[in-house]
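These notes are about the structure you will find just below.
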Amino acid sequence: MTQINMDAFWMPFTANRQFKSAPRMLVSADGMYYQDDLGRAILDGCAGLWCVNAGHNRKPIVEAVQKQVATLDYAPPFQIGHPKAFEAAEKLAAMAPVGLSKVFFVNSGSEAADTALKMAVAYHRVRGDAARVKLIGRERGYHGVNFGGISVGGIAGNRKLFPVGLPAVDHLRSTHDLARNAFSRGEPEFGAEFADELEARIITLHDPSTIAAVIVEPMAGSTGVLIPPRGYLQRLREICDKYGILLIFDEVITGFGRLGADWASNKFDVLPDIITCAKGLSNGVVPMGALLVKPEIHDAFMAAAGERMIEFPHGYTYSAHPLACAASIATLDLYQEEGLFQRAAELSPRFEQQVHALRSVKNVKDIRNLGLVAGIELDSRPGAAGQRGFDVFLKCWEKGVLVRFTGDIIAVSPPLIISENEIDRLFMLIAEAIHETA
């Protein structure tokens, strides 16, 4: 491609000038591999963007979408329904953690986060508790890029150009504790006490009767794979219960098998009031997101509104889009038919072994992992934070493997269909790339 025919597209989350000077172009995909425009096979080490959990070009999903677009291409979601929306909701609710039986469809993780925040504030209001308007996020949290998500999110780079956010927000400290938990395998031993900050500082400062919800990722993914310390999420749940605060889990990344279980909620045995999900919901084939909600939240809206009144005035033109619903139904069926969540659990020990074998590679200062996800943190170059991570990403591309980087952290999260030999090759190539990067 030439500079001219790339000029119109302003790429998201991309160093546009660098990319267009040396493009990295994907033209097809199948199974565990992309193919680039030079004909090279690229091992997918990050499931696209944390979303292609079942692998690429899966025939049941492709055929479901093809059939749907030829049958019903679009139906308005306001005051009108279509069968696939209800089928998808029933199937997702059946797979949800027990106790979350209501489904609200959106189109992305960003929309899911903002919807959850609105739902939490509105829930308290329809119950007659309108003073609860404050929202608590966490440092280094990621909840998408809409104004609500970046307000409760805690990644500075995503906020600095957008200094206008929701006014009633505070943040818990991050769970990351490199000094005590470096090179942890699975859940870190230290840090459960960080949850006590919710009660000791935030609730004391703000008055619990004004707080609507706490939103956290069970595992913080986009900030560099921060695994929750053992007991941390349980403690958050206890404090929220004590003060009548809703607990929202952002499972956009952790849902659908990534941690070796269907949901992080089930992995850690902690039931939130709302789960947001997306990415793996449709295997990345068609944009799709959803909220899984406790029935008592849903029922509060139903009870507060008149019979012909709109109970929750919120939604999107493409909520429960027929193509997205078809992709989601086929994806959820495929997960179950192939036992992909169990497969992720079975592959986790090999994955852990191979990623921690990189501990002796130069410039590696921490490795953390759980299920089929790992973060490899590198020493930053003096005065050039993030440059080593970017260079390792580029070197991996040269070697035929796609990884994610955030600052100087390399994130690895392959499709759940990966083989043991591909795990070995994935980390061999990453080790080479780190070693060859000054």
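Residues are referred to by chain and number: the chain letter is A, B, ... according to the order shown in the structure tokens, the number counts from 1 in that chain, and ligands are numbered separately from 1 in the order shown.
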(request) Once DSSP has gone over the backbone, tell me which residues of range 110-312 of chain A are in strand (DSSP E), as a VMD selection string. (result) chain A and resid 134 to 138 169 to 172 211 to 216 246 to 250 274 to 277 289 to 293
Emit the selected residues as a short mmCIF file (atom, residue, chain, number, x, y, z; two decimals), in the first residue's frame, including C-alpha atoms.
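Writing done, so here's result.cif:
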data_model
loop_
_atom_site.label_atom_id
_atom_site.label_comp_id
_atom_site.auth_asym_id
_atom_site.auth_seq_id
_atom_site.Cartn_x
_atom_site.Cartn_y
_atom_site.Cartn_z
CA LYS A 134 -20.51 8.48 43.48
CA LEU A 135 -18.51 5.88 41.59
CA ILE A 136 -15.29 4.25 42.72
CA GLY A 137 -12.75 2.88 40.24
CA ARG A 138 -9.15 1.80 40.71
CA VAL A 169 -15.44 9.70 41.21
CA ASP A 170 -12.62 8.37 43.38
CA HIS A 171 -10.09 5.57 42.98
CA LEU A 172 -8.73 2.70 45.01
CA ILE A 211 -21.58 5.79 46.91
CA ALA A 212 -23.42 3.94 44.15
CA ALA A 213 -20.88 1.39 42.95
CA VAL A 214 -17.34 0.11 42.87
CA ILE A 215 -16.08 -1.05 39.46
CA VAL A 216 -12.93 -3.14 39.02
CA LEU A 246 -23.02 -2.30 44.13
CA LEU A 247 -19.95 -4.23 42.95
CA ILE A 248 -19.31 -4.28 39.20
CA PHE A 249 -16.80 -6.68 37.63
CA ASP A 250 -15.45 -5.61 34.25
CA ILE A 274 -23.16 -6.68 37.52
CA ILE A 275 -20.68 -8.17 35.07
CA THR A 276 -19.70 -6.36 31.90
CA CYS A 277 -18.48 -8.51 29.02
CA GLY A 289 -21.06 -6.54 24.46
CA ALA A 290 -23.42 -7.27 27.32
CA LEU A 291 -24.21 -6.74 30.99
CA LEU A 292 -25.10 -9.67 33.22
CA VAL A 293 -27.26 -8.36 36.01
#
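You can rank A:Val121, A:Ile367, A:Met219, A:Ile202 by their closest distance to Thr175 in chain A using only C-alpha atoms, and at the top of that list sits A:Met219.
For range 197-267 of chain A, the set of residues given alpha helix (DSSP H) by DSSP on the backbone reads Glu197, Thr204, Leu205, His206, Tyr232, Leu233, Gln234, Arg235, Leu236, Arg237, Glu238, Ile239, Cys240, Asp241, Lys242, Tyr243, Ala264, Ser265, Asn266 and Lys267 of chain A.
Among A:Val285, A:Ala324, A:Ala300, A:Ala179, the residue with the shortest atom-to-atom distance to Met119 in chain A, counting only C-alpha atoms, is A:Ala300.
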(request) Tell me which protein, DNA and RNA residues are within 6 Å of Glu187 in chain A, counting only C-alpha atoms, leaving out same-chain ones fewer than 6 positions away, and put them as a list in words. (result) Ile227, Pro229 and Arg230 of chain A
Using only C-alpha atoms, please write the residues we just selected to a file, as a short mmCIF file (atom, residue, chain, number, x, y, z; two decimals), in the first residue's frame.
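Written output follows (part.cif):
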data_model
loop_
_atom_site.label_atom_id
_atom_site.label_comp_id
_atom_site.auth_asym_id
_atom_site.auth_seq_id
_atom_site.Cartn_x
_atom_site.Cartn_y
_atom_site.Cartn_z
CA ILE A 227 -3.46 -10.52 38.94
CA PRO A 229 -3.94 -10.86 45.33
CA ARG A 230 -5.44 -13.87 47.06
#
(request) Could you give me, as a VMD selection string, the residues within 12 Å of Tyr34 in chain A, counting only C-alpha atoms and dropping anything in the same chain fewer than 2 positions from it? (result) chain A and resid 24 to 32 36 to 48 52 55 to 57 397 400 to 402
(request) Between A:Leu340, A:Leu233, A:Ala182, A:Leu323, single out the one closest to Glu377 in chain A, counting only C-alpha atoms. (result) A:Ala182
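Distance check against Leu281 in chain A using only C-alpha atoms: of A:Gly165, A:Gly383, A:Gly191, A:Gly109, the minimum falls on A:Gly109.
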(request) Would you mind telling me which residue in A:Leu394, A:Ile409, A:Ile203, A:Val252 lies nearest to Glu436 in chain A when using only C-alpha atoms? (result) A:Leu394
(request) Give me the residues within 9 Å of Ala385 in chain A as a PyMOL selection string, counting only C-alpha atoms and dropping any in the same chain fewer than 6 places off. (result) chain A and resi 379+407-408
(message) I need the residue nearest Tyr74 in chain A from this list: A:Ser319, A:Asn266, A:Thr437, A:Gln234. Use only C-alpha atoms for the distance.
(response) A:Ser319
Neighbours of range 327-332 of chain A within 6 Å (only C-alpha atoms; same-chain residues fewer than 2 positions away dropped), as a PDB file with N, CA and C atoms, in the first residue's frame?
ATOM      1  N   ILE A  61     -19.212 -20.175  13.264  1.00  0.00           N
ATOM      2  CA  ILE A  61     -19.525 -18.761  13.469  1.00  0.00           C
ATOM      3  C   ILE A  61     -19.693 -18.059  12.133  1.00  0.00           C
ATOM      4  N   VAL A  65     -23.255 -16.224  10.769  1.00  0.00           N
ATOM      5  CA  VAL A  65     -23.355 -14.825  10.368  1.00  0.00           C
ATOM      6  C   VAL A  65     -23.814 -14.717   8.911  1.00  0.00           C
ATOM      7  N   ALA A  88     -29.996 -15.340  22.074  1.00  0.00           N
ATOM      8  CA  ALA A  88     -28.656 -15.019  22.556  1.00  0.00           C
ATOM      9  C   ALA A  88     -28.664 -14.695  24.042  1.00  0.00           C
ATOM     10  N   LEU A 281     -17.280 -12.629  23.622  1.00  0.00           N
ATOM     11  CA  LEU A 281     -18.705 -12.928  23.497  1.00  0.00           C
ATOM     12  C   LEU A 281     -19.071 -13.336  22.075  1.00  0.00           C
ATOM     13  N   SER A 282     -18.449 -12.696  21.087  1.00  0.00           N
ATOM     14  CA  SER A 282     -18.725 -13.032  19.691  1.00  0.00           C
ATOM     15  C   SER A 282     -17.459 -13.475  18.959  1.00  0.00           C
ATOM     16  N   ALA A 324     -24.684  -9.735  15.236  1.00  0.00           N
ATOM     17  CA  ALA A 324     -23.934  -9.938  16.473  1.00  0.00           C
ATOM     18  C   ALA A 324     -24.546 -11.057  17.303  1.00  0.00           C
ATOM     19  N   CYS A 325     -25.864 -11.103  17.356  1.00  0.00           N
ATOM     20  CA  CYS A 325     -26.531 -12.169  18.105  1.00  0.00           C
ATOM     21  C   CYS A 325     -26.235 -13.533  17.497  1.00  0.00           C
ATOM     22  N   LEU A 334     -19.851 -23.042  20.427  1.00  0.00           N
ATOM     23  CA  LEU A 334     -18.524 -23.592  20.116  1.00  0.00           C
ATOM     24  C   LEU A 334     -17.686 -23.751  21.377  1.00  0.00           C
ATOM     25  N   TYR A 335     -17.742 -22.770  22.272  1.00  0.00           N
ATOM     26  CA  TYR A 335     -17.013 -22.888  23.532  1.00  0.00           C
ATOM     27  C   TYR A 335     -17.403 -24.169  24.272  1.00  0.00           C
TER      28      TYR A 335
END
(request) Find the residues around His176 in chain A up to 12 Å (only C-alpha atoms counted), leave out those fewer than 5 positions away in its own chain, and share them as number ranges by chain. (result) A: 138-141, 181-184, 187-192, 194, 219-220, 223-229, 232, 366, 368
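Atom to atom, CA of Val355 in chain A and CA of Ile418 in chain A stand 14.5 Å apart.
The two atoms in question, CA of Ile410 in chain A and CA of Ile376 in chain A, are spaced 5.0 Å apart.
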(request) Please measure the separation of CA of Pro295 in chain A and CA of Ala75 in chain A, giving the value in Å to one decimal. (result) 26.2 Å
